[in-house]
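Peer 1: model_2.csv is reproduced in full below (CSV, C-alpha atoms).
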chain,number,residue,atom,x,y,z
P,1,MET,CA,-1.5,-25.1,-13.1
P,2,THR,CA,-1.4,-28.7,-14.0
P,3,GLY,CA,1.5,-31.1,-14.7
P,4,SER,CA,5.1,-30.3,-13.9
P,5,GLY,CA,7.2,-27.4,-14.9
P,6,GLY,CA,6.3,-23.7,-15.3
P,7,ASP,CA,7.2,-20.5,-13.5
P,8,VAL,CA,5.2,-20.0,-10.4
P,9,ALA,CA,5.2,-16.6,-8.6
P,10,ILE,CA,4.5,-16.8,-4.9
P,11,VAL,CA,3.3,-13.7,-3.2
P,12,GLY,CA,4.5,-13.8,0.4
P,13,GLY,CA,7.4,-15.5,2.1
P,14,GLY,CA,5.8,-16.5,5.3
P,15,LEU,CA,5.4,-20.2,6.3
P,16,ALA,CA,2.6,-20.6,3.8
P,17,GLY,CA,4.7,-19.2,0.9
P,18,ILE,CA,7.7,-21.2,1.9
P,19,THR,CA,5.7,-24.4,2.0
P,20,ALA,CA,4.1,-23.6,-1.3
P,21,ALA,CA,7.5,-23.0,-2.9
P,22,LEU,CA,9.0,-26.3,-1.6
P,23,ALA,CA,5.9,-28.3,-2.6
P,24,LEU,CA,5.9,-26.8,-6.1
P,25,GLN,CA,9.6,-27.4,-6.6
P,26,GLU,CA,9.0,-31.1,-5.8
P,27,THR,CA,6.7,-31.3,-8.9
P,28,GLY,CA,9.3,-29.7,-11.1
P,29,ALA,CA,8.0,-26.2,-11.1
P,30,ARG,CA,10.2,-23.1,-10.8
P,31,ALA,CA,9.2,-21.1,-7.8
P,32,THR,CA,9.9,-17.4,-7.2
P,33,ILE,CA,9.0,-15.9,-3.9
P,34,TYR,CA,8.2,-12.1,-3.7
P,35,GLU,CA,8.4,-10.9,-0.1
P,36,ALA,CA,7.9,-7.3,0.9
P,37,ARG,CA,9.9,-7.7,4.1
P,38,PRO,CA,13.7,-7.9,4.1
P,39,ARG,CA,13.6,-11.5,5.3
P,40,LEU,CA,11.6,-14.8,5.0
P,41,GLY,CA,9.4,-16.1,7.8
P,42,GLY,CA,6.5,-13.7,7.8
P,43,ALA,CA,5.4,-13.0,11.3
P,44,THR,CA,8.0,-15.4,12.8
P,45,HIS,CA,11.4,-14.0,12.9
P,46,SER,CA,14.4,-13.2,15.1
P,47,PHE,CA,16.2,-9.9,16.0
P,48,SER,CA,19.2,-9.0,18.2
P,49,ARG,CA,19.2,-6.7,21.2
P,50,ASP,CA,22.3,-6.2,23.4
P,51,GLY,CA,23.7,-9.5,22.5
P,52,LEU,CA,20.4,-11.4,23.0
P,53,THR,CA,18.6,-13.2,20.2
P,54,VAL,CA,14.9,-12.5,20.5
P,55,ASP,CA,12.3,-14.6,18.7
P,56,ASN,CA,8.9,-13.2,17.8
P,57,GLY,CA,5.9,-15.1,16.6
P,58,GLN,CA,4.8,-18.8,16.7
P,59,HIS,CA,7.3,-20.6,18.8
P,60,ILE,CA,6.0,-23.7,20.5
P,61,PHE,CA,3.9,-26.2,18.5
P,62,LEU,CA,2.0,-29.4,19.3
P,63,ASN,CA,2.7,-32.8,18.0
P,64,CYS,CA,-0.7,-32.7,16.2
P,65,CYS,CA,0.6,-29.9,14.0
P,66,SER,CA,1.3,-32.3,11.1
P,67,ALA,CA,1.5,-29.6,8.4
P,68,TYR,CA,4.2,-27.7,10.3
P,69,GLN,CA,6.2,-30.8,11.0
P,70,GLY,CA,5.8,-31.7,7.3
P,71,LEU,CA,7.5,-28.3,6.5
P,72,LEU,CA,10.3,-29.1,8.9
P,73,ALA,CA,10.8,-32.5,7.2
P,74,ARG,CA,10.9,-30.9,3.7
P,75,LEU,CA,13.6,-28.5,5.1
P,76,GLY,CA,15.6,-31.3,6.6
P,77,ALA,CA,15.2,-29.4,9.9
P,78,ALA,CA,13.3,-31.9,12.1
P,79,ASP,CA,16.5,-32.2,14.2
P,80,ARG,CA,16.3,-28.5,15.1
P,81,VAL,CA,13.2,-28.9,17.3
P,82,ARG,CA,12.6,-30.8,20.5
P,83,VAL,CA,9.3,-32.6,21.2
P,84,GLN,CA,8.3,-33.7,24.7
P,85,ASP,CA,8.3,-37.4,25.3
P,86,ARG,CA,5.0,-36.9,27.0
P,87,PHE,CA,2.7,-33.8,27.4
P,88,ASP,CA,3.8,-32.3,30.8
P,89,VAL,CA,3.1,-28.8,31.9
P,90,ARG,CA,3.5,-27.2,35.3
P,91,VAL,CA,1.1,-24.3,35.9
P,92,LEU,CA,2.3,-21.6,38.3
P,93,THR,CA,0.2,-18.7,39.8
P,94,PRO,CA,1.3,-15.4,41.4
P,95,ASP,CA,0.3,-16.6,44.9
P,96,GLY,CA,2.5,-19.6,44.8
P,97,ALA,CA,-0.2,-22.2,44.1
P,98,GLY,CA,0.5,-24.6,41.3
P,99,GLY,CA,-0.7,-27.6,39.4
P,100,ARG,CA,0.5,-30.1,36.9
P,101,LEU,CA,-1.0,-31.5,33.8
P,102,ARG,CA,0.8,-34.6,32.5
P,103,ARG,CA,-0.7,-37.2,30.2
P,104,ALA,CA,-0.8,-40.8,31.1
P,105,LYS,CA,0.4,-43.6,28.8
P,106,ALA,CA,-3.1,-44.6,27.7
P,107,PRO,CA,-5.1,-44.2,24.5
P,108,GLY,CA,-7.0,-40.9,23.9
P,109,PRO,CA,-9.2,-39.5,25.4
P,110,LEU,CA,-8.3,-41.5,28.5
P,111,HIS,CA,-4.7,-40.2,28.5
P,112,LEU,CA,-5.6,-36.9,30.2
P,113,LEU,CA,-8.2,-38.2,32.7
P,114,PRO,CA,-5.6,-38.9,35.4
P,115,ALA,CA,-4.1,-35.4,34.9
P,116,LEU,CA,-7.6,-33.8,35.4
P,117,ALA,CA,-8.3,-35.9,38.4
P,118,GLY,CA,-5.1,-34.7,40.1
P,119,TYR,CA,-5.1,-31.1,39.0
P,120,ARG,CA,-4.6,-29.2,42.3
P,121,LEU,CA,-5.7,-25.8,41.0
P,122,LEU,CA,-9.3,-27.1,41.1
P,123,PRO,CA,-11.2,-28.6,44.0
P,124,PRO,CA,-12.1,-32.3,43.6
P,125,ALA,CA,-15.7,-31.6,42.5
P,126,ASP,CA,-14.6,-29.3,39.7
P,127,ARG,CA,-12.0,-32.0,38.5
P,128,LEU,CA,-14.8,-34.5,38.1
P,129,ARG,CA,-17.0,-31.9,36.3
P,130,ALA,CA,-14.1,-31.2,34.0
P,131,ILE,CA,-13.8,-34.9,33.1
P,132,GLY,CA,-17.5,-35.0,32.3
P,133,ALA,CA,-17.3,-31.8,30.2
P,134,SER,CA,-14.3,-33.3,28.3
P,135,LEU,CA,-16.2,-36.4,27.3
P,136,ALA,CA,-19.2,-34.3,26.2
P,137,LEU,CA,-16.9,-32.0,24.2
P,138,ASP,CA,-15.5,-35.0,22.4
P,139,ARG,CA,-19.0,-35.9,21.2
P,140,LEU,CA,-19.6,-32.6,19.4
P,141,ASP,CA,-19.8,-32.4,15.7
P,142,THR,CA,-17.4,-29.6,15.0
P,143,GLY,CA,-18.6,-29.3,11.4
P,144,ASP,CA,-22.1,-28.3,12.6
P,145,PRO,CA,-22.5,-24.5,11.8
P,146,ALA,CA,-24.9,-24.2,14.7
P,147,LEU,CA,-21.9,-24.5,17.1
P,148,ASP,CA,-20.7,-21.1,15.9
P,149,ARG,CA,-23.7,-19.5,17.4
P,150,SER,CA,-22.5,-20.3,20.9
P,151,SER,CA,-19.3,-19.4,22.7
P,152,MET,CA,-17.0,-21.9,24.2
P,153,GLY,CA,-17.4,-20.2,27.6
P,154,ALA,CA,-21.2,-20.4,27.5
P,155,TRP,CA,-21.1,-24.1,26.5
P,156,LEU,CA,-18.7,-24.9,29.3
P,157,ALA,CA,-20.8,-23.0,31.8
P,158,ARG,CA,-23.9,-25.1,30.7
P,159,HIS,CA,-21.8,-28.2,31.3
P,160,GLY,CA,-21.0,-27.5,34.9
P,161,GLN,CA,-17.7,-25.7,34.5
P,162,ARG,CA,-17.7,-23.0,37.1
P,163,ARG,CA,-15.7,-19.8,36.6
P,164,GLN,CA,-12.7,-21.1,38.5
P,165,ALA,CA,-12.5,-24.2,36.2
P,166,ARG,CA,-12.9,-22.1,33.1
P,167,GLU,CA,-10.1,-19.8,34.1
P,168,ALA,CA,-7.6,-22.2,35.7
P,169,LEU,CA,-8.0,-25.0,33.1
P,170,TRP,CA,-9.9,-24.3,29.9
P,171,GLU,CA,-8.4,-20.9,29.3
P,172,LEU,CA,-4.9,-22.4,29.4
P,173,PHE,CA,-5.7,-24.4,26.2
P,174,VAL,CA,-8.2,-22.3,24.3
P,175,THR,CA,-6.6,-18.9,24.7
P,176,ALA,CA,-3.1,-20.3,23.9
P,177,ALA,CA,-4.4,-22.0,20.7
P,178,LEU,CA,-6.9,-19.4,19.4
P,179,ASN,CA,-5.6,-16.2,21.1
P,180,ILE,CA,-9.1,-15.4,22.3
P,181,ARG,CA,-10.9,-15.6,25.5
P,182,LEU,CA,-13.5,-18.4,26.2
P,183,ASP,CA,-16.5,-16.1,26.1
P,184,GLU,CA,-15.4,-14.7,22.7
P,185,ALA,CA,-14.3,-18.0,21.1
P,186,ALA,CA,-16.9,-19.7,18.8
P,187,LEU,CA,-17.7,-23.2,20.1
P,188,GLY,CA,-16.9,-24.9,16.7
P,189,PRO,CA,-13.2,-24.0,16.3
P,190,ALA,CA,-12.6,-24.1,20.1
P,191,ALA,CA,-14.1,-27.6,20.2
P,192,PHE,CA,-12.0,-28.6,17.1
P,193,VAL,CA,-8.8,-27.5,18.9
P,194,CYS,CA,-9.7,-29.5,22.0
P,195,GLN,CA,-10.8,-32.6,20.2
P,196,THR,CA,-7.6,-32.6,18.0
P,197,ALA,CA,-5.0,-31.6,20.6
P,198,LEU,CA,-6.4,-32.9,23.8
P,199,LEU,CA,-9.0,-35.6,23.1
P,200,GLY,CA,-7.6,-37.3,20.1
P,201,ARG,CA,-4.5,-39.5,19.8
P,202,SER,CA,-2.6,-39.6,23.1
P,203,ASP,CA,0.6,-37.8,21.9
P,204,ALA,CA,-1.2,-35.0,20.0
P,205,ALA,CA,-0.6,-32.3,22.7
P,206,ASP,CA,3.0,-33.1,23.3
P,207,ILE,CA,4.8,-29.8,23.0
P,208,GLY,CA,7.6,-29.1,20.5
P,209,VAL,CA,10.1,-26.2,20.9
P,210,PRO,CA,12.7,-25.0,18.4
P,211,THR,CA,16.3,-25.4,19.5
P,212,VAL,CA,17.5,-22.7,17.1
P,213,PRO,CA,16.4,-19.1,16.6
P,214,LEU,CA,13.3,-18.7,14.4
P,215,GLY,CA,15.2,-16.5,12.1
P,216,ASP,CA,17.3,-19.5,11.2
P,217,LEU,CA,14.5,-22.1,11.2
P,218,HIS,CA,12.0,-20.0,9.2
P,219,GLY,CA,14.4,-17.8,7.3
P,220,THR,CA,18.0,-18.9,6.6
P,221,VAL,CA,17.3,-22.6,6.3
P,222,PRO,CA,14.3,-22.4,3.9
P,223,ALA,CA,16.1,-19.7,1.8
P,224,ALA,CA,19.0,-22.0,1.3
P,225,LYS,CA,16.8,-25.0,0.4
P,226,ILE,CA,14.6,-23.1,-2.1
P,227,GLU,CA,17.6,-21.6,-3.9
P,228,ARG,CA,19.5,-24.9,-3.8
P,229,ASP,CA,16.6,-26.5,-5.6
P,230,GLY,CA,16.5,-23.8,-8.3
P,231,GLY,CA,14.0,-21.4,-6.8
P,232,ARG,CA,14.4,-17.7,-6.5
P,233,ILE,CA,13.7,-15.3,-3.6
P,234,HIS,CA,13.2,-11.5,-4.0
P,235,LEU,CA,13.1,-9.7,-0.7
P,236,GLY,CA,11.9,-6.1,-0.3
P,237,ALA,CA,9.7,-6.9,-3.3
P,238,LYS,CA,6.2,-5.6,-2.7
P,239,VAL,CA,3.4,-6.9,-5.0
P,240,THR,CA,0.7,-4.3,-5.5
P,241,ALA,CA,-1.4,-5.9,-8.2
P,242,ILE,CA,-2.2,-9.2,-10.0
P,243,ASP,CA,-4.1,-9.5,-13.2
P,244,ALA,CA,-5.4,-12.5,-15.1
P,245,GLY,CA,-2.4,-12.7,-17.4
P,246,PRO,CA,-1.1,-13.8,-14.9
P,247,LYS,CA,1.1,-10.7,-14.4
P,248,LEU,CA,2.2,-9.1,-11.2
P,249,VAL,CA,3.2,-5.6,-10.4
P,250,VAL,CA,6.3,-5.8,-8.2
P,251,ASN,CA,7.8,-2.5,-6.9
P,252,GLY,CA,6.0,-0.7,-9.7
P,253,SER,CA,7.2,-3.0,-12.5
P,254,PRO,CA,5.3,-5.8,-14.3
P,255,VAL,CA,6.5,-9.4,-13.9
P,256,GLY,CA,5.1,-12.4,-15.8
P,257,ALA,CA,4.4,-15.9,-14.5
P,258,ASP,CA,2.6,-19.1,-15.6
P,259,ALA,CA,0.7,-19.2,-12.3
P,260,VAL,CA,0.5,-17.2,-9.1
P,261,VAL,CA,0.1,-18.4,-5.5
P,262,VAL,CA,-1.1,-15.7,-3.1
P,263,ALA,CA,0.2,-16.5,0.4
P,264,VAL,CA,-0.5,-13.3,2.3
P,265,PRO,CA,-3.0,-12.4,5.1
P,266,HIS,CA,-6.7,-12.3,3.9
P,267,ARG,CA,-7.0,-8.5,3.9
P,268,ALA,CA,-4.0,-8.1,1.7
P,269,ALA,CA,-5.1,-11.0,-0.5
P,270,ALA,CA,-8.5,-9.3,-1.0
P,271,ALA,CA,-6.8,-6.3,-2.6
P,272,LEU,CA,-4.6,-8.4,-4.8
P,273,VAL,CA,-6.6,-11.2,-6.2
P,274,PRO,CA,-8.4,-10.3,-9.5
P,275,ALA,CA,-12.2,-10.3,-9.6
P,276,GLU,CA,-12.3,-13.1,-12.3
P,277,ALA,CA,-10.3,-15.4,-10.0
P,278,SER,CA,-12.6,-14.9,-7.0
P,279,PRO,CA,-15.7,-12.7,-7.3
P,280,GLU,CA,-16.2,-13.0,-3.6
P,281,ARG,CA,-12.8,-11.6,-2.7
P,282,ALA,CA,-14.2,-8.3,-1.4
P,283,ARG,CA,-15.8,-10.2,1.5
P,284,TRP,CA,-12.4,-11.4,2.7
P,285,ALA,CA,-11.5,-8.1,4.1
P,286,GLY,CA,-14.5,-8.4,6.5
P,287,LEU,CA,-13.1,-11.5,8.2
P,288,GLY,CA,-11.8,-11.0,11.7
P,289,SER,CA,-8.4,-12.0,13.0
P,290,SER,CA,-6.7,-12.4,16.4
P,291,PRO,CA,-3.0,-12.3,15.9
P,292,ILE,CA,-0.8,-13.9,18.6
P,293,VAL,CA,1.6,-11.5,20.2
P,294,ASN,CA,4.6,-13.0,22.0
P,295,VAL,CA,8.3,-12.6,22.4
P,296,HIS,CA,10.9,-15.3,23.1
P,297,VAL,CA,14.4,-14.7,24.3
P,298,ILE,CA,17.2,-17.3,24.1
P,299,TYR,CA,19.5,-16.8,27.1
P,300,ASP,CA,23.1,-18.0,27.3
P,301,ARG,CA,22.5,-20.0,30.5
P,302,PRO,CA,19.6,-21.8,32.2
P,303,VAL,CA,17.2,-19.5,34.0
P,304,LEU,CA,14.5,-22.0,35.1
P,305,ASP,CA,14.6,-25.4,36.7
P,306,GLU,CA,11.7,-26.6,34.6
P,307,PRO,CA,11.8,-27.0,30.8
P,308,PHE,CA,8.3,-25.6,30.3
P,309,LEU,CA,6.0,-23.6,32.6
P,310,CYS,CA,2.6,-22.0,32.2
P,311,GLY,CA,1.4,-19.0,34.1
P,312,GLY,CA,-2.2,-19.2,35.2
P,313,THR,CA,-4.7,-17.4,37.5
P,314,PRO,CA,-4.7,-18.4,41.1
P,315,PRO,CA,-8.0,-19.7,42.6
P,316,HIS,CA,-10.5,-17.1,43.8
P,317,THR,CA,-8.6,-14.0,42.6
P,318,PRO,CA,-9.2,-11.5,39.8
P,319,ARG,CA,-7.9,-12.9,36.6
P,320,ASN,CA,-5.3,-11.4,34.3
P,321,GLY,CA,-5.4,-14.3,31.9
P,322,PRO,CA,-3.1,-17.2,31.3
P,323,LEU,CA,0.4,-16.8,29.9
P,324,ALA,CA,1.9,-19.8,28.1
Taking this structure as input, can you express it in the form of structure tokens?
Peer 2:
Amino acid sequence: MTGSGGDVAIVGGGLAGITAALALQETGARATIYEARPRLGGATHSFSRDGLTVDNGQHIFLNCCSAYQGLLARLGAADRVRVQDRFDVRVLTPDGAGGRLRRAKAPGPLHLLPALAGYRLLPPADRLRAIGASLALDRLDTGDPALDRSSMGAWLARHGQRRQAREALWELFVTAALNIRLDEAALGPAAFVCQTALLGRSDAADIGVPTVPLGDLHGTVPAAKIERDGGRIHLGAKVTAIDAGPKLVVNGSPVGADAVVVAVPHRAAAALVPAEASPERARWAGLGSSPIVNVHVIYDRPVLDEPFLCGGTPPHTPRNGPLA
């Protein structure tokens, strides 16, 4: 669709669908979201159990997540999250050993060098090797397809990162960001994450946390904004087909639109998008995925002395994987 105006149907009311609706309405289009669930927010939502509000889905974010922060700005909800003044994470292990990663006030990538140099979960020799690997990682061309033929774990091993360093340091970042272990993570996207969040601008990895339930931040707030600006939201509305009209089949009934935005996971999109719109759509279903599974509980009182903690693997013990 070009120009302003027009009725645009958006299939899916997750963060992508919400963002599309807000952006389209800024151009003068009339956006209508069709969401099969009984709420907005997609995989990020809240529910109540025994008086507790429990959040599920993406919770923390990094300061480099500019698109997400752009969504919050569009919603007028930037004051409903809190971002660290400086990246600072304490890492705890079951045996009581611990370390701390805190960036220095220096330009990237130098801002994390003092943190690596003082990281107590690694012996001094491994800290130095980690600094060397970080600088080598920063020089990689993440757009090179050849990088995808190697795993992040194998690359780190070739660059002097022993198992202890890979588990106590690198897994904390890569697994938290990509939800996949180092030996399974392709080098290209893993290097991109590290370059963007850790080795780029100094405040890129500062951690942000919502101060309200996700059901409000990704559900109630965007619904009110979209409808206030003239958009419409249909919940419990399952789209089962789209043709080139464009016309949608929603809960068994045809619905017309001037344009359609498909904002659902790739496998669902492969079954909806018409062949003339994307002849390659059948291949989408073959793409892999690694969904992040987490649960966040908002208590009515403080339960920790630290604002943010990360669980890691103690040195020289079998690993269960990091918990962030």
Peer 1: Mind giving me the straight-line distance from CA of Val174 in chain P to CA of Ala190 in chain P in Å, one decimal?
Peer 2: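 Atom-to-atom, CA of Val174 in chain P to CA of Ala190 in chain P, that is 6.3 Å.
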Peer 1: Calculated over all atoms listed in the file, which of the candidates P:Leu24, P:Leu110, P:Leu235, P:Ala130 has the smallest distance to Gly41 in chain P?
Peer 2: P:Leu235
Peer 1: Mind pulling up the distance from CA of Val83 in chain P to CA of Glu167 in chain P?
Peer 2: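 Result for CA of Glu167 in chain P versus CA of Val83 in chain P: 26.6 Å, one decimal.
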Peer 1: Rounded to one decimal place, report the CA of Val250 in chain P-CA of Ala237 in chain P distance in Å.
Peer 2: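 Distance between the two atoms: 6.1 Å.
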Peer 1: Show which residues sit within 7 Å of range 44-57 of chain P, as a PDB file with C-alpha atoms, keeping the file's coordinate frame. Count only C-alpha atoms, and ignore same-chain residues fewer than 6 positions away.
Peer 2:
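Below you can see result_39.pdb, which holds the result:
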ATOM      1  CA  PRO P 213      16.400 -19.100  16.600  1.00  0.00           C
ATOM      2  CA  LEU P 214      13.300 -18.700  14.400  1.00  0.00           C
ATOM      3  CA  GLY P 215      15.200 -16.500  12.100  1.00  0.00           C
ATOM      4  CA  VAL P 293       1.600 -11.500  20.200  1.00  0.00           C
ATOM      5  CA  ASN P 294       4.600 -13.000  22.000  1.00  0.00           C
ATOM      6  CA  VAL P 295       8.300 -12.600  22.400  1.00  0.00           C
ATOM      7  CA  HIS P 296      10.900 -15.300  23.100  1.00  0.00           C
ATOM      8  CA  VAL P 297      14.400 -14.700  24.300  1.00  0.00           C
ATOM      9  CA  ILE P 298      17.200 -17.300  24.100  1.00  0.00           C
ATOM     10  CA  TYR P 299      19.500 -16.800  27.100  1.00  0.00           C
TER      11      TYR P 299
END
Peer 1: Between P:Ala104, P:Val262, P:Leu304, P:Ala31, which has the minimum distance to Gly118 in chain P (counting all atoms listed in the file)?
Peer 2: P:Ala104
Peer 1: Go through range 164-263 of chain P and flag each residue having an atom no more than 10 Å from range 132-136 of chain P; for those, report the closest pair of atoms plus their distance in Å to one decimal, using all atoms listed in the file, ordered by chain and rising number, as a tab-separated table.
Peer 2:
residue	atom	partner	partner_atom	distance
P:Ala191	CA	P:Ser134	CA	9.9
P:Cys194	CA	P:Ser134	CA	8.7
P:Gln195	CA	P:Ser134	CA	8.9
P:Leu198	CA	P:Ser134	CA	9.1
P:Leu199	CA	P:Ser134	CA	7.8
Peer 1: Using all atoms listed in the file for the distances, tell me which of P:Gln84, P:Thr19, P:Thr196, P:Thr32 is nearest to Cys65 in chain P.
Peer 2: P:Thr196
Peer 1: Identify which of the residues P:Ala263, P:Cys64, P:Ala257, P:Ala223 lies closest to Ser202 in chain P, counting all atoms listed in the file when measuring atom-to-atom distances.
Peer 2: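 Among the listed residues, the smallest separation from Ser202 in chain P belongs to P:Cys64.
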Peer 1: Residues within 9 Å of Pro246 in chain P, please, as a JSON list (two decimals) with C-alpha atoms, keeping the file's coordinate frame. Count all atoms listed in the file; anything in the same chain fewer than 6 positions from it doesn't count.
Peer 2:
[["chain", "number", "residue", "atom", "x", "y", "z"],
["P", 255, "VAL", "CA", 6.50, -9.40, -13.90],
["P", 256, "GLY", "CA", 5.10, -12.40, -15.80],
["P", 257, "ALA", "CA", 4.40, -15.90, -14.50],
["P", 258, "ASP", "CA", 2.60, -19.10, -15.60],
["P", 259, "ALA", "CA", 0.70, -19.20, -12.30],
["P", 260, "VAL", "CA", 0.50, -17.20, -9.10]]
Peer 1: From the list P:Leu169, P:Leu92, P:Leu272, P:Leu140, which residue is nearest Tyr119 in chain P when using all atoms listed in the file?
Peer 2: P:Leu169
Peer 1: Kindly provide, as a PDB file with C-alpha atoms, keeping the file's coordinate frame, the polymer residues lying within 9 Å of (0.2, -30.6, 21.2), counting all atoms listed in the file and using the coordinates exactly as they appear in the file.
Peer 2:
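As written to disk, out_24.pdb reads:
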ATOM      1  CA  PHE P  61       3.900 -26.200  18.500  1.00  0.00           C
ATOM      2  CA  LEU P  62       2.000 -29.400  19.300  1.00  0.00           C
ATOM      3  CA  ASN P  63       2.700 -32.800  18.000  1.00  0.00           C
ATOM      4  CA  CYS P  64      -0.700 -32.700  16.200  1.00  0.00           C
ATOM      5  CA  CYS P  65       0.600 -29.900  14.000  1.00  0.00           C
ATOM      6  CA  PHE P  87       2.700 -33.800  27.400  1.00  0.00           C
ATOM      7  CA  THR P 196      -7.600 -32.600  18.000  1.00  0.00           C
ATOM      8  CA  ALA P 197      -5.000 -31.600  20.600  1.00  0.00           C
ATOM      9  CA  LEU P 198      -6.400 -32.900  23.800  1.00  0.00           C
ATOM     10  CA  ASP P 203       0.600 -37.800  21.900  1.00  0.00           C
ATOM     11  CA  ALA P 204      -1.200 -35.000  20.000  1.00  0.00           C
ATOM     12  CA  ALA P 205      -0.600 -32.300  22.700  1.00  0.00           C
ATOM     13  CA  ASP P 206       3.000 -33.100  23.300  1.00  0.00           C
ATOM     14  CA  ILE P 207       4.800 -29.800  23.000  1.00  0.00           C
ATOM     15  CA  GLY P 208       7.600 -29.100  20.500  1.00  0.00           C
TER      16      GLY P 208
END
